[in-house]
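Enquirer: What follows is the file target_18.txt, containing compact mmCIF, C-alpha atoms and all ligand atoms:
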# COMPACT_ATOMS: atom_id res chain seq x y z
CA MET F 1 18.94 46.00 -81.23
CA GLN F 2 17.91 43.28 -83.64
CA THR F 3 18.03 39.69 -82.38
CA PHE F 4 19.64 36.94 -84.45
CA GLN F 5 16.23 35.29 -84.72
CA HIS F 6 14.70 38.44 -86.26
CA TYR F 7 17.69 38.87 -88.50
CA LEU F 8 17.31 35.30 -89.83
CA GLN F 9 13.58 35.80 -90.39
CA SER F 10 14.24 38.98 -92.35
CA GLN F 11 16.73 37.38 -94.79
CA ASN F 12 14.16 36.72 -97.52
CA GLN F 13 16.82 36.41 -100.21
CA VAL F 14 18.27 33.37 -98.39
CA ALA F 15 16.52 29.98 -98.77
CA PRO F 16 14.55 29.08 -95.59
CA GLU F 17 16.32 25.68 -95.49
CA LEU F 18 19.71 27.39 -95.45
CA ARG F 19 18.61 29.77 -92.71
CA ASP F 20 17.39 26.80 -90.70
CA THR F 21 20.71 25.00 -91.19
CA VAL F 22 22.61 28.00 -89.85
CA ARG F 23 20.13 28.25 -86.96
CA SER F 24 21.08 24.70 -85.96
CA VAL F 25 24.81 25.48 -86.06
CA VAL F 26 24.30 28.57 -83.90
CA SER F 27 22.13 26.63 -81.46
CA ALA F 28 24.91 24.05 -81.06
CA CYS F 29 27.40 26.88 -80.46
CA LEU F 30 25.23 28.24 -77.64
CA ASN F 31 25.51 24.84 -75.99
CA ILE F 32 29.29 24.73 -76.60
CA SER F 33 29.54 28.23 -75.11
CA ALA F 34 27.87 27.03 -71.89
CA ASN F 35 30.53 24.30 -71.55
CA VAL F 36 33.37 26.69 -72.38
CA ARG F 37 32.19 29.24 -69.79
CA LEU F 38 32.13 26.72 -66.93
CA GLY F 39 35.56 25.23 -67.68
CA ALA F 40 36.90 23.36 -64.66
CA LEU F 41 33.50 23.64 -62.94
CA ALA F 42 32.00 21.42 -65.64
CA GLY F 43 35.04 19.14 -65.76
CA VAL F 44 35.61 19.93 -69.45
CA LEU F 45 39.27 21.01 -69.34
CA GLY F 46 42.28 18.83 -70.11
CA GLU F 47 43.18 16.07 -72.51
CA ALA F 48 40.67 13.62 -73.95
CA GLY F 49 43.37 10.97 -74.24
CA THR F 50 42.54 10.38 -77.91
CA GLY F 51 43.96 11.59 -81.23
CA ASN F 52 42.34 12.90 -84.42
CA VAL F 53 42.95 12.33 -88.12
CA GLN F 54 45.14 15.48 -88.17
CA GLY F 55 47.64 13.70 -85.93
CA GLU F 56 46.78 15.97 -82.98
CA ALA F 57 46.04 15.02 -79.37
CA GLN F 58 42.40 15.90 -78.71
CA LYS F 59 41.33 18.00 -75.76
CA LYS F 60 38.11 17.10 -73.95
CA LEU F 61 36.44 20.23 -75.39
CA ASP F 62 37.46 19.30 -78.96
CA VAL F 63 35.51 16.07 -78.51
CA ILE F 64 32.57 17.63 -76.62
CA ALA F 65 32.12 20.48 -79.12
CA ASN F 66 32.33 18.06 -82.04
CA GLN F 67 29.64 15.82 -80.53
CA ILE F 68 27.32 18.75 -79.72
CA LEU F 69 27.49 19.92 -83.35
CA ILE F 70 26.95 16.43 -84.76
CA ASP F 71 23.97 15.72 -82.47
CA GLU F 72 22.32 19.05 -83.35
CA LEU F 73 22.93 18.83 -87.11
CA LYS F 74 21.74 15.23 -87.36
CA GLN F 75 18.34 16.41 -86.12
CA ASN F 76 17.98 18.90 -88.96
CA PRO F 77 16.39 17.39 -92.10
CA ASN F 78 18.02 20.07 -94.27
CA VAL F 79 21.48 18.71 -93.52
CA ALA F 80 22.62 16.12 -96.06
CA GLY F 81 25.96 15.55 -94.39
CA LEU F 82 28.73 17.02 -92.32
CA ALA F 83 32.50 16.98 -92.08
CA SER F 84 34.65 17.95 -89.12
CA GLU F 85 38.29 18.49 -88.24
CA GLU F 86 37.74 15.86 -85.53
CA GLU F 87 36.16 13.16 -87.74
CA ASP F 88 38.16 10.87 -90.06
CA ASP F 89 35.40 10.78 -92.71
CA PHE F 90 32.31 12.80 -93.52
CA VAL F 91 29.05 11.81 -91.81
CA ALA F 92 25.96 11.30 -93.97
CA CYS F 93 22.77 12.71 -92.37
CA HIS F 94 19.56 13.14 -94.38
CA GLU F 95 19.26 11.87 -97.92
CA GLN F 96 16.81 14.64 -98.88
CA GLY F 97 18.86 17.36 -97.19
CA GLU F 98 20.25 20.10 -99.43
CA TYR F 99 23.14 21.37 -97.34
CA LEU F 100 26.56 20.20 -96.22
CA VAL F 101 28.07 21.63 -93.05
CA LEU F 102 31.83 21.60 -92.42
CA PHE F 103 33.31 22.74 -89.13
CA ASP F 104 36.25 23.19 -86.83
CA PRO F 105 34.33 22.51 -83.60
CA LEU F 106 36.95 24.09 -81.37
CA ASP F 107 39.61 26.35 -82.85
CA GLY F 108 42.57 27.25 -80.66
CA SER F 109 42.68 24.02 -78.65
CA SER F 110 46.02 24.95 -77.03
CA ASN F 111 44.24 27.92 -75.40
CA ILE F 112 41.35 26.00 -73.79
CA ASP F 113 43.05 25.22 -70.49
CA VAL F 114 44.56 28.70 -70.09
CA ASN F 115 41.33 30.67 -70.52
CA ILE F 116 42.26 32.43 -73.76
CA SER F 117 39.80 33.03 -76.61
CA ILE F 118 38.73 29.99 -78.66
CA GLY F 119 35.98 29.51 -81.20
CA THR F 120 33.90 27.37 -83.54
CA ILE F 121 34.27 27.88 -87.31
CA PHE F 122 31.66 26.70 -89.83
CA SER F 123 31.12 26.54 -93.57
CA VAL F 124 27.91 25.65 -95.43
CA LEU F 125 27.85 24.26 -98.97
CA LYS F 126 24.91 23.35 -101.16
CA ARG F 127 24.81 19.77 -102.26
CA ASP F 128 24.93 19.44 -106.04
CA LYS F 129 21.56 17.86 -106.81
CA THR F 130 22.54 16.93 -110.37
CA VAL F 131 24.87 14.28 -108.90
CA SER F 132 22.69 11.36 -107.91
CA GLY F 133 23.37 8.49 -105.52
CA SER F 134 24.56 8.42 -101.95
CA LEU F 135 26.68 11.17 -100.47
CA LYS F 136 30.35 11.07 -101.51
CA VAL F 137 33.43 12.96 -100.40
CA GLU F 138 33.44 14.68 -103.82
CA ASP F 139 30.18 16.41 -102.86
CA PHE F 140 32.16 18.30 -100.20
CA LEU F 141 35.14 19.20 -102.40
CA GLN F 142 33.82 22.56 -103.56
CA LYS F 143 35.80 25.76 -103.86
CA GLY F 144 35.52 28.30 -101.05
CA ALA F 145 33.79 30.67 -103.46
CA GLN F 146 30.91 28.18 -103.62
CA GLN F 147 30.14 28.42 -99.90
CA VAL F 148 26.57 29.65 -99.35
CA ALA F 149 27.18 30.70 -95.74
CA ALA F 150 30.09 30.77 -93.33
CA GLY F 151 30.92 32.12 -89.93
CA TYR F 152 32.28 31.60 -86.48
CA VAL F 153 31.43 31.92 -82.83
CA LEU F 154 34.23 33.39 -80.74
CA TYR F 155 34.17 32.38 -77.06
CA GLY F 156 36.16 35.38 -75.92
CA VAL F 157 35.85 38.23 -73.48
CA GLN F 158 32.47 38.52 -75.15
CA THR F 159 30.84 35.64 -77.02
CA VAL F 160 30.20 36.81 -80.57
CA LEU F 161 28.65 35.27 -83.65
CA VAL F 162 30.00 36.47 -87.00
CA LEU F 163 28.06 35.35 -90.04
CA THR F 164 27.83 35.85 -93.77
CA PHE F 165 25.28 34.73 -96.36
CA LYS F 166 27.48 36.50 -98.94
CA HIS F 167 25.59 39.78 -98.57
CA GLY F 168 28.08 41.36 -96.19
CA VAL F 169 28.92 40.33 -92.63
CA ASN F 170 26.91 40.64 -89.45
CA VAL F 171 28.13 40.45 -85.87
CA PHE F 172 25.95 39.44 -82.90
CA THR F 173 26.89 39.50 -79.22
CA LEU F 174 25.47 37.01 -76.71
CA ASN F 175 23.66 38.62 -73.77
CA GLU F 176 23.01 37.21 -70.29
CA GLN F 177 19.66 35.78 -71.37
CA GLY F 178 21.29 33.67 -74.05
CA GLU F 179 20.08 35.88 -76.94
CA TRP F 180 22.27 37.07 -79.79
CA LEU F 181 21.92 40.81 -80.45
CA GLN F 182 23.25 42.46 -83.59
CA THR F 183 26.14 44.72 -82.59
CA HIS F 184 27.90 45.40 -85.93
CA GLU F 185 26.68 45.59 -89.48
CA ASN F 186 29.12 45.14 -92.33
CA PRO F 187 32.45 45.74 -90.61
CA LYS F 188 35.16 46.69 -93.11
CA ILE F 189 38.79 45.60 -92.89
CA PRO F 190 40.94 48.65 -93.61
CA GLU F 191 43.17 48.31 -96.68
CA GLN F 192 46.25 49.39 -94.75
CA THR F 193 47.55 48.29 -91.39
CA ALA F 194 50.61 48.39 -89.13
CA GLU F 195 49.90 45.14 -87.26
CA PHE F 196 50.91 41.60 -88.20
CA ALA F 197 50.41 38.12 -86.74
CA ILE F 198 52.76 35.19 -87.30
CA ASN F 199 54.28 32.52 -85.08
CA MET F 200 57.84 33.94 -84.99
CA SER F 201 59.23 30.78 -83.38
CA ASN F 202 59.04 29.11 -86.81
CA GLN F 203 61.22 31.74 -88.48
CA ARG F 204 64.18 29.43 -89.17
CA HIS F 205 61.89 27.11 -91.17
CA TRP F 206 60.26 29.77 -93.39
CA GLU F 207 60.83 30.02 -97.11
CA MET F 208 62.64 33.06 -98.59
CA PRO F 209 59.63 35.25 -99.51
CA VAL F 210 58.21 35.03 -95.98
CA GLN F 211 61.65 35.79 -94.47
CA GLN F 212 61.84 38.80 -96.74
CA TYR F 213 58.33 40.02 -95.95
CA ILE F 214 58.66 39.79 -92.17
CA GLY F 215 62.13 41.35 -92.50
CA GLU F 216 60.53 44.37 -94.19
CA LEU F 217 58.00 44.76 -91.39
CA LEU F 218 60.60 44.39 -88.64
CA ALA F 219 62.82 47.03 -90.29
CA GLY F 220 60.23 49.60 -89.18
CA LYS F 221 60.13 53.28 -90.10
CA ASP F 222 63.58 53.37 -91.71
CA GLY F 223 62.96 50.25 -93.82
CA ALA F 224 61.30 49.79 -97.23
CA ARG F 225 57.79 49.96 -95.78
CA GLY F 226 58.41 53.25 -93.98
CA LYS F 227 56.43 52.54 -90.82
CA ASN F 228 56.72 50.71 -87.51
CA TYR F 229 54.67 47.52 -87.25
CA ASN F 230 53.32 45.97 -84.06
CA MET F 231 52.83 42.21 -83.60
CA ARG F 232 50.15 39.98 -81.99
CA TRP F 233 49.88 36.16 -81.82
CA VAL F 234 46.94 34.61 -79.94
CA ALA F 235 47.35 31.09 -81.41
CA SER F 236 43.59 30.87 -82.08
CA MET F 237 43.07 31.72 -85.74
CA VAL F 238 39.44 32.61 -85.05
CA ALA F 239 40.52 35.28 -82.54
CA GLU F 240 43.16 36.68 -84.91
CA VAL F 241 40.55 36.95 -87.68
CA HIS F 242 38.14 38.69 -85.34
CA ARG F 243 40.81 41.24 -84.36
CA ILE F 244 41.55 41.84 -88.04
CA LEU F 245 37.82 42.23 -88.78
CA MET F 246 37.51 44.82 -86.02
CA ARG F 247 40.69 46.88 -86.63
CA GLY F 248 42.67 45.48 -89.55
CA GLY F 249 45.94 43.58 -89.66
CA VAL F 250 47.59 40.75 -91.54
CA PHE F 251 47.75 37.10 -90.43
CA LEU F 252 50.17 34.52 -91.82
CA TYR F 253 50.49 30.82 -91.24
CA PRO F 254 52.91 29.97 -94.06
CA LYS F 255 54.01 26.55 -95.20
CA ASP F 256 57.64 25.95 -94.31
CA ASN F 257 60.57 23.59 -94.79
CA ARG F 258 59.64 21.05 -92.13
CA ASP F 259 58.24 17.73 -93.38
CA SER F 260 55.19 18.26 -91.15
CA SER F 261 54.43 21.72 -92.62
CA LYS F 262 55.26 21.26 -96.31
CA ALA F 263 51.64 22.08 -97.20
CA GLY F 264 50.98 24.44 -94.30
CA LYS F 265 49.28 23.78 -90.96
CA LEU F 266 45.76 25.15 -91.28
CA ARG F 267 42.89 23.30 -92.92
CA LEU F 268 41.38 24.58 -96.17
CA MET F 269 37.85 23.29 -95.58
CA TYR F 270 37.39 23.98 -91.85
CA GLU F 271 39.51 27.10 -91.29
CA ALA F 272 40.80 28.90 -94.40
CA ASN F 273 37.65 28.85 -96.55
CA PRO F 274 35.02 29.88 -93.97
CA LEU F 275 37.23 32.55 -92.40
CA GLY F 276 38.29 33.55 -95.92
CA LEU F 277 34.69 34.19 -96.93
CA ILE F 278 34.20 36.43 -93.89
CA VAL F 279 37.43 38.30 -94.70
CA ALA F 280 36.53 38.68 -98.41
CA GLN F 281 33.00 39.87 -97.53
CA SER F 282 34.58 42.54 -95.31
CA GLY F 283 36.87 43.94 -97.97
CA GLY F 284 39.97 41.99 -96.94
CA LYS F 285 41.93 39.39 -98.92
CA ILE F 286 42.92 35.78 -98.42
CA THR F 287 45.50 33.76 -100.34
CA ASN F 288 47.73 30.71 -100.00
CA ALA F 289 50.51 33.21 -100.93
CA ARG F 290 49.98 32.56 -104.65
CA GLU F 291 46.30 32.06 -105.50
CA ASN F 292 43.03 33.44 -104.19
CA MET F 293 42.15 30.95 -101.41
CA LEU F 294 38.49 30.86 -102.41
CA GLU F 295 39.38 29.68 -105.95
CA ILE F 296 41.44 26.65 -104.89
CA GLN F 297 39.91 23.34 -105.98
CA PRO F 298 40.02 21.11 -102.86
CA THR F 299 41.36 17.58 -103.27
CA GLY F 300 40.72 16.24 -99.77
CA LEU F 301 38.54 16.99 -96.74
CA HIS F 302 41.49 17.50 -94.42
CA GLN F 303 43.72 19.29 -96.93
CA ARG F 304 46.17 21.77 -95.41
CA VAL F 305 47.13 25.15 -96.87
CA ALA F 306 49.37 28.12 -96.31
CA VAL F 307 47.27 31.10 -95.19
CA VAL F 308 47.81 34.83 -95.62
CA LEU F 309 44.79 37.03 -94.88
CA GLY F 310 43.68 40.47 -93.83
CA SER F 311 44.32 44.03 -94.97
CA ALA F 312 44.55 44.11 -98.77
CA GLU F 313 47.81 46.05 -99.10
CA GLU F 314 49.76 43.57 -96.94
CA VAL F 315 48.25 40.45 -98.52
CA GLU F 316 49.13 41.84 -101.95
CA ARG F 317 52.72 42.53 -100.84
CA VAL F 318 53.12 38.92 -99.66
CA ARG F 319 51.81 37.67 -103.02
CA GLU F 320 54.16 39.96 -104.89
CA LEU F 321 57.15 38.56 -102.98
CA HIS F 322 56.09 35.02 -103.91
CA GLY F 323 56.41 35.99 -107.59
P1 LIG F 401 42.96 23.80 -83.83
O1 LIG F 401 43.00 24.15 -82.36
O2 LIG F 401 41.59 23.81 -84.41
O3 LIG F 401 43.71 22.53 -84.16
O4 LIG F 401 43.67 24.97 -84.65
C1 LIG F 401 44.76 25.66 -84.11
C2 LIG F 401 45.42 26.44 -85.19
C3 LIG F 401 44.97 27.89 -85.31
O5 LIG F 401 43.84 28.24 -84.63
C4 LIG F 401 46.14 28.70 -84.80
O6 LIG F 401 46.32 29.83 -85.60
C5 LIG F 401 47.31 27.78 -84.93
O7 LIG F 401 46.80 26.47 -84.91
C6 LIG F 401 48.29 27.97 -83.81
O8 LIG F 401 49.42 27.26 -84.12
P2 LIG F 401 50.78 27.36 -83.27
O9 LIG F 401 50.53 26.58 -82.02
O10 LIG F 401 51.77 26.72 -84.20
O11 LIG F 401 51.05 28.81 -83.01
MN MN F 402 43.03 20.61 -83.85
MN MN F 403 41.43 25.29 -85.89
MN MN F 404 39.93 22.57 -83.90
Here is a file; write its structure as structure tokens.
Ligand code: AHG
Ligand code: MN
Ligand code: MN
Ligand code: MN

Expert:
Amino acid sequence: MQTFQHYLQSQNQVAPELRDTVRSVVSACLNISANVRLGALAGVLGEAGTGNVQGEAQKKLDVIANQILIDELKQNPNVAGLASEEEDDFVACHEQGEYLVLFDPLDGSSNIDVNISIGTIFSVLKRDKTVSGSLKVEDFLQKGAQQVAAGYVLYGVQTVLVLTFKHGVNVFTLNEQGEWLQTHENPKIPEQTAEFAINMSNQRHWEMPVQQYIGELLAGKDGARGKNYNMRWVASMVAEVHRILMRGGVFLYPKDNRDSSKAGKLRLMYEANPLGLIVAQSGGKITNARENMLEIQPTGLHQRVAVVLGSAEEVERVRELHG
């Protein structure tokens, strides 16, 4: 089996500086993984007692994972700057660096203390060199389609690294020696599925098209869709995306009528775009229910969006219902 190190070395079509940037992210994730694995034994569970710019209470591991990534990336001269779900503003790193790294250091925070899969999600953008001067927030506000690499590490039953340089997707599994070995090449999300993921407890807040869509699925074999659908909800987007990558499915986190969710819950830059690139590179689709997610022009680092992703036929049906 090919190691991640060999894989990176063999990617001659990818700039060495970009490969090195991704190497740093993955190295930080290995360190995060060690903390995740030990849990209570390392004293990393529970609340941090602080809040983030998203208005969320931070868990200790949100803060630890964020700091591990920042420390690692600051050491890499190829990194011009970074942005994180857990940081109010972007952090400038190396003036000569060519790459910007955006991340959700710990996705699925509500699952940390109950030993359910969580992950780290990352997105890499190239800094536009034609814009001179010091790093600005605008440098980060690039469409998802402009990402040059994206991926995640899932701290699950197995620890897996899923990565794309936009030439397909590769999956690596962490062994006992701390090496990543390639275990899947170019997984493909089937076009059709009979499995959906949505937080049903929000049903009363959903807008009409989402009510209608989920109604169709729940109607089962005798309804308009003519088949019985099963449902899963992990509450870690990274784990839902991994399930969909491995066996298909559709995931929705719609915007709804509550003041707090008018724009959606998930973050465009740290969650939707990187996971969207993985999904798109695997033959799946991702939308905010109206537009292709990867073509949305971002207006803010912490911008929230509605998310519908996964098997093409279902994502298309949701779009259709949104008119
Ligand atoms: P994070 O832990 O990074 O803040 O993200 C959690 C997100 C996402 O991973 C998951 O799909 C969703 O929140 C779960 O939300 P509910 O608790 O509303 O189900
Ligand atoms: Mn959070
Ligand atoms: Mn998240
Ligand atoms: Mn997070």

Enquirer: I'd like to know which of F:Lys265, F:His167, F:Lys143, F:Arg127 is closest to Ile278 of chain F, using all atoms listed in the file.

Expert: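 The closest residue to Ile278 of chain F is F:His167.
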
Enquirer: Using all atoms listed in the file, collect all residues at a distance of at most 12 Å from (31.6, 37.2, -76.4) as written in the file, then present them as a PyMOL selection string.

Expert: chain F and resi 29-30+33-34+36-37+116-119+152-162+171-176+178-181+183+239+242

Enquirer: Write to file, as a short mmCIF file (atom, residue, chain, number, x, y, z; two decimals), keeping the file's coordinate frame, the residues of the selection just made, with C-alpha atoms.

Expert:
data_model
loop_
_atom_site.label_atom_id
_atom_site.label_comp_id
_atom_site.auth_asym_id
_atom_site.auth_seq_id
_atom_site.Cartn_x
_atom_site.Cartn_y
_atom_site.Cartn_z
CA CYS F 29 27.40 26.88 -80.46
CA LEU F 30 25.23 28.24 -77.64
CA SER F 33 29.54 28.23 -75.11
CA ALA F 34 27.87 27.03 -71.89
CA VAL F 36 33.37 26.69 -72.38
CA ARG F 37 32.19 29.24 -69.79
CA ILE F 116 42.26 32.43 -73.76
CA SER F 117 39.80 33.03 -76.61
CA ILE F 118 38.73 29.99 -78.66
CA GLY F 119 35.98 29.51 -81.20
CA TYR F 152 32.28 31.60 -86.48
CA VAL F 153 31.43 31.92 -82.83
CA LEU F 154 34.23 33.39 -80.74
CA TYR F 155 34.17 32.38 -77.06
CA GLY F 156 36.16 35.38 -75.92
CA VAL F 157 35.85 38.23 -73.48
CA GLN F 158 32.47 38.52 -75.15
CA THR F 159 30.84 35.64 -77.02
CA VAL F 160 30.20 36.81 -80.57
CA LEU F 161 28.65 35.27 -83.65
CA VAL F 162 30.00 36.47 -87.00
CA VAL F 171 28.13 40.45 -85.87
CA PHE F 172 25.95 39.44 -82.90
CA THR F 173 26.89 39.50 -79.22
CA LEU F 174 25.47 37.01 -76.71
CA ASN F 175 23.66 38.62 -73.77
CA GLU F 176 23.01 37.21 -70.29
CA GLY F 178 21.29 33.67 -74.05
CA GLU F 179 20.08 35.88 -76.94
CA TRP F 180 22.27 37.07 -79.79
CA LEU F 181 21.92 40.81 -80.45
CA THR F 183 26.14 44.72 -82.59
CA ALA F 239 40.52 35.28 -82.54
CA HIS F 242 38.14 38.69 -85.34
#

Enquirer: For ligand MN 403 (chain F), which residue among F:Ile198, F:Leu275, F:Ala280, F:Leu266 is the nearest when counting only C-alpha atoms and all ligand atoms?

Expert: F:Leu266

Enquirer: Given a cut-off of 12 Å, what residues near ligand MN 402 (chain F) show up using all atoms listed in the file, put as a ChimeraX atom specification?

Expert: /F:50-63,65-66,84-87,103-112,118-121,235-237,265-267,270-271,302

Enquirer: Produce a file of the selected residues containing C-alpha atoms, as an mmCIF file, in the coordinates of the input.

Expert:
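In the end it all went to selection21.cif:
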data_model
loop_
_atom_site.group_PDB
_atom_site.id
_atom_site.type_symbol
_atom_site.label_atom_id
_atom_site.label_comp_id
_atom_site.auth_asym_id
_atom_site.auth_seq_id
_atom_site.Cartn_x
_atom_site.Cartn_y
_atom_site.Cartn_z
ATOM 1 C CA THR F 50 42.540 10.380 -77.910
ATOM 2 C CA GLY F 51 43.960 11.590 -81.230
ATOM 3 C CA ASN F 52 42.340 12.900 -84.420
ATOM 4 C CA VAL F 53 42.950 12.330 -88.120
ATOM 5 C CA GLN F 54 45.140 15.480 -88.170
ATOM 6 C CA GLY F 55 47.640 13.700 -85.930
ATOM 7 C CA GLU F 56 46.780 15.970 -82.980
ATOM 8 C CA ALA F 57 46.040 15.020 -79.370
ATOM 9 C CA GLN F 58 42.400 15.900 -78.710
ATOM 10 C CA LYS F 59 41.330 18.000 -75.760
ATOM 11 C CA LYS F 60 38.110 17.100 -73.950
ATOM 12 C CA LEU F 61 36.440 20.230 -75.390
ATOM 13 C CA ASP F 62 37.460 19.300 -78.960
ATOM 14 C CA VAL F 63 35.510 16.070 -78.510
ATOM 15 C CA ALA F 65 32.120 20.480 -79.120
ATOM 16 C CA ASN F 66 32.330 18.060 -82.040
ATOM 17 C CA SER F 84 34.650 17.950 -89.120
ATOM 18 C CA GLU F 85 38.290 18.490 -88.240
ATOM 19 C CA GLU F 86 37.740 15.860 -85.530
ATOM 20 C CA GLU F 87 36.160 13.160 -87.740
ATOM 21 C CA PHE F 103 33.310 22.740 -89.130
ATOM 22 C CA ASP F 104 36.250 23.190 -86.830
ATOM 23 C CA PRO F 105 34.330 22.510 -83.600
ATOM 24 C CA LEU F 106 36.950 24.090 -81.370
ATOM 25 C CA ASP F 107 39.610 26.350 -82.850
ATOM 26 C CA GLY F 108 42.570 27.250 -80.660
ATOM 27 C CA SER F 109 42.680 24.020 -78.650
ATOM 28 C CA SER F 110 46.020 24.950 -77.030
ATOM 29 C CA ASN F 111 44.240 27.920 -75.400
ATOM 30 C CA ILE F 112 41.350 26.000 -73.790
ATOM 31 C CA ILE F 118 38.730 29.990 -78.660
ATOM 32 C CA GLY F 119 35.980 29.510 -81.200
ATOM 33 C CA THR F 120 33.900 27.370 -83.540
ATOM 34 C CA ILE F 121 34.270 27.880 -87.310
ATOM 35 C CA ALA F 235 47.350 31.090 -81.410
ATOM 36 C CA SER F 236 43.590 30.870 -82.080
ATOM 37 C CA MET F 237 43.070 31.720 -85.740
ATOM 38 C CA LYS F 265 49.280 23.780 -90.960
ATOM 39 C CA LEU F 266 45.760 25.150 -91.280
ATOM 40 C CA ARG F 267 42.890 23.300 -92.920
ATOM 41 C CA TYR F 270 37.390 23.980 -91.850
ATOM 42 C CA GLU F 271 39.510 27.100 -91.290
ATOM 43 C CA HIS F 302 41.490 17.500 -94.420
#

Enquirer: Kindly indicate which residue among F:Asn292, F:Gln281, F:Val238, F:Arg319 lies nearest to ligand MN 403 (chain F), using all atoms listed in the file for the distances.

Expert: F:Val238

Enquirer: What is the atom CA of Ala92 of chain F-atom CA of Asn76 of chain F distance in Å, reported with one decimal?

Expert: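 A separation of 12.1 Å between them.
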
Enquirer: Using the file's own x, y and z axes, so that the box edges lie along x, y and z, what centre and edge lengths in Å (one decimal) does a box around every listed atom of ligand LIG 401 (chain F) get when 3 Å is added on each side? Give it as JSON.

Expert:
{"center_x": 46.7, "center_y": 26.2, "center_z": -83.8, "size_x": 16.2, "size_y": 13.3, "size_z": 9.6}

Enquirer: Determine, counting all atoms listed in the file, which protein, DNA and RNA residues have an atom within 6 Å of an atom of Gly310 of chain F; residues of the same chain fewer than 4 positions away are not included. Present the result as a PyMOL selection string.

Expert: chain F and resi 249-250+284-285

Enquirer: Please provide the set of residues having any atom within 10 Å of Gln9 of chain F, restricted to all atoms listed in the file, with same-chain residues fewer than 5 positions apart removed, written as a compact mmCIF listing (two decimals) with C-alpha atoms, in the coordinates of the input.

Expert:
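New file out-v9.txt:
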# COMPACT_ATOMS: atom_id res chain seq x y z
CA THR F 3 18.03 39.69 -82.38
CA PHE F 4 19.64 36.94 -84.45
CA VAL F 14 18.27 33.37 -98.39
CA PRO F 16 14.55 29.08 -95.59
CA ARG F 19 18.61 29.77 -92.71
CA ASP F 20 17.39 26.80 -90.70

Enquirer: With only C-alpha atoms and all ligand atoms as the atoms that count, which of F:Gly39, F:Gly133, F:Pro274, F:Gly215 lies nearest to ligand MN 403 (chain F)?

Expert: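 Closest candidate: F:Pro274.
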
Enquirer: Between atom CA of Gly264 of chain F and atom CA of Ala289 of chain F, what is the distance, to one decimal in Å?

Expert: 11.0 Å

Enquirer: List every protein, DNA or RNA residue that has at least one atom no more than 12 Å from (34.1, 30.8, -96.5) in the file's coordinates, counting only C-alpha atoms, and write the result as a PyMOL selection string.

Expert: chain F and resi 101-103+121-125+142-152+162-166+169+268-282+285-286+293-296

Enquirer: May I ask for the distance between atom CA of Lys136 of chain F and atom CA of Thr21 of chain F, given in Å to one decimal place?

Expert: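 The value is 19.8 Å.
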
Enquirer: Any idea what's packed within 9 Å of Lys227 of chain F, counting all atoms listed in the file, ignoring anything in its chain fewer than 6 positions away? Could you give it as a PyMOL selection string?

Expert: chain F and resi 194+217+219-221

Enquirer: What does the file look like for those residues with C-alpha atoms, as a CSV table (one decimal), in the coordinates of the input?

Expert:
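Full text of result-v4.csv as output:
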chain,number,residue,atom,x,y,z
F,194,ALA,CA,50.6,48.4,-89.1
F,217,LEU,CA,58.0,44.8,-91.4
F,219,ALA,CA,62.8,47.0,-90.3
F,220,GLY,CA,60.2,49.6,-89.2
F,221,LYS,CA,60.1,53.3,-90.1

Enquirer: Name the closest residue to ligand MN 403 (chain F) among the candidates F:Glu185, F:Glu240, F:Asp71, F:Asp222; distances are taken between atoms, counting only C-alpha atoms and all ligand atoms.

Expert: F:Glu240

Enquirer: With distances taken over all atoms listed in the file, which residue among F:Asn12, F:Phe196, F:Arg23, F:Gly81 lies nearest Phe140 of chain F?

Expert: F:Gly81

Enquirer: Considering only C-alpha atoms, return as a list in words whatever protein or nucleic-acid residues lie within 7 Å of Val79 of chain F, sequence-local ones (same chain, fewer than 5 positions apart) excluded.

Expert: Thr21, Leu73, Cys93, His94, Gly97, Glu98, Tyr99 and Leu100 of chain F

Enquirer: Which residues are close to Gly283 of chain F, i.e. within 9 Å by all atoms listed in the file, leaving aside same-chain residues fewer than 5 positions away? Reply as a PyMOL selection string.

Expert: chain F and resi 187-191+278+310-312

Enquirer: Could I see segment 213-219 of chain F restored to N, CA and C atoms, set down as a PDB file, keeping the file's coordinate frame?

Expert:
ATOM      1  N   TYR F 213      59.487  39.220 -96.330  1.00  0.00           N
ATOM      2  CA  TYR F 213      58.330  40.020 -95.950  1.00  0.00           C
ATOM      3  C   TYR F 213      58.396  40.437 -94.484  1.00  0.00           C
ATOM      4  N   ILE F 214      58.613  39.463 -93.598  1.00  0.00           N
ATOM      5  CA  ILE F 214      58.660  39.790 -92.170  1.00  0.00           C
ATOM      6  C   ILE F 214      59.865  40.698 -91.886  1.00  0.00           C
ATOM      7  N   GLY F 215      60.955  40.474 -92.616  1.00  0.00           N
ATOM      8  CA  GLY F 215      62.130  41.350 -92.500  1.00  0.00           C
ATOM      9  C   GLY F 215      61.758  42.799 -92.791  1.00  0.00           C
ATOM     10  N   GLU F 216      60.976  43.009 -93.826  1.00  0.00           N
ATOM     11  CA  GLU F 216      60.530  44.370 -94.190  1.00  0.00           C
ATOM     12  C   GLU F 216      59.735  45.006 -93.055  1.00  0.00           C
ATOM     13  N   LEU F 217      58.854  44.213 -92.451  1.00  0.00           N
ATOM     14  CA  LEU F 217      58.000  44.760 -91.390  1.00  0.00           C
ATOM     15  C   LEU F 217      58.841  45.089 -90.154  1.00  0.00           C
ATOM     16  N   LEU F 218      59.785  44.198 -89.842  1.00  0.00           N
ATOM     17  CA  LEU F 218      60.600  44.390 -88.640  1.00  0.00           C
ATOM     18  C   LEU F 218      61.576  45.560 -88.802  1.00  0.00           C
ATOM     19  N   ALA F 219      61.888  45.922 -90.049  1.00  0.00           N
ATOM     20  CA  ALA F 219      62.820  47.030 -90.290  1.00  0.00           C
ATOM     21  C   ALA F 219      62.223  48.359 -89.836  1.00  0.00           C
TER      22      ALA F 219
END
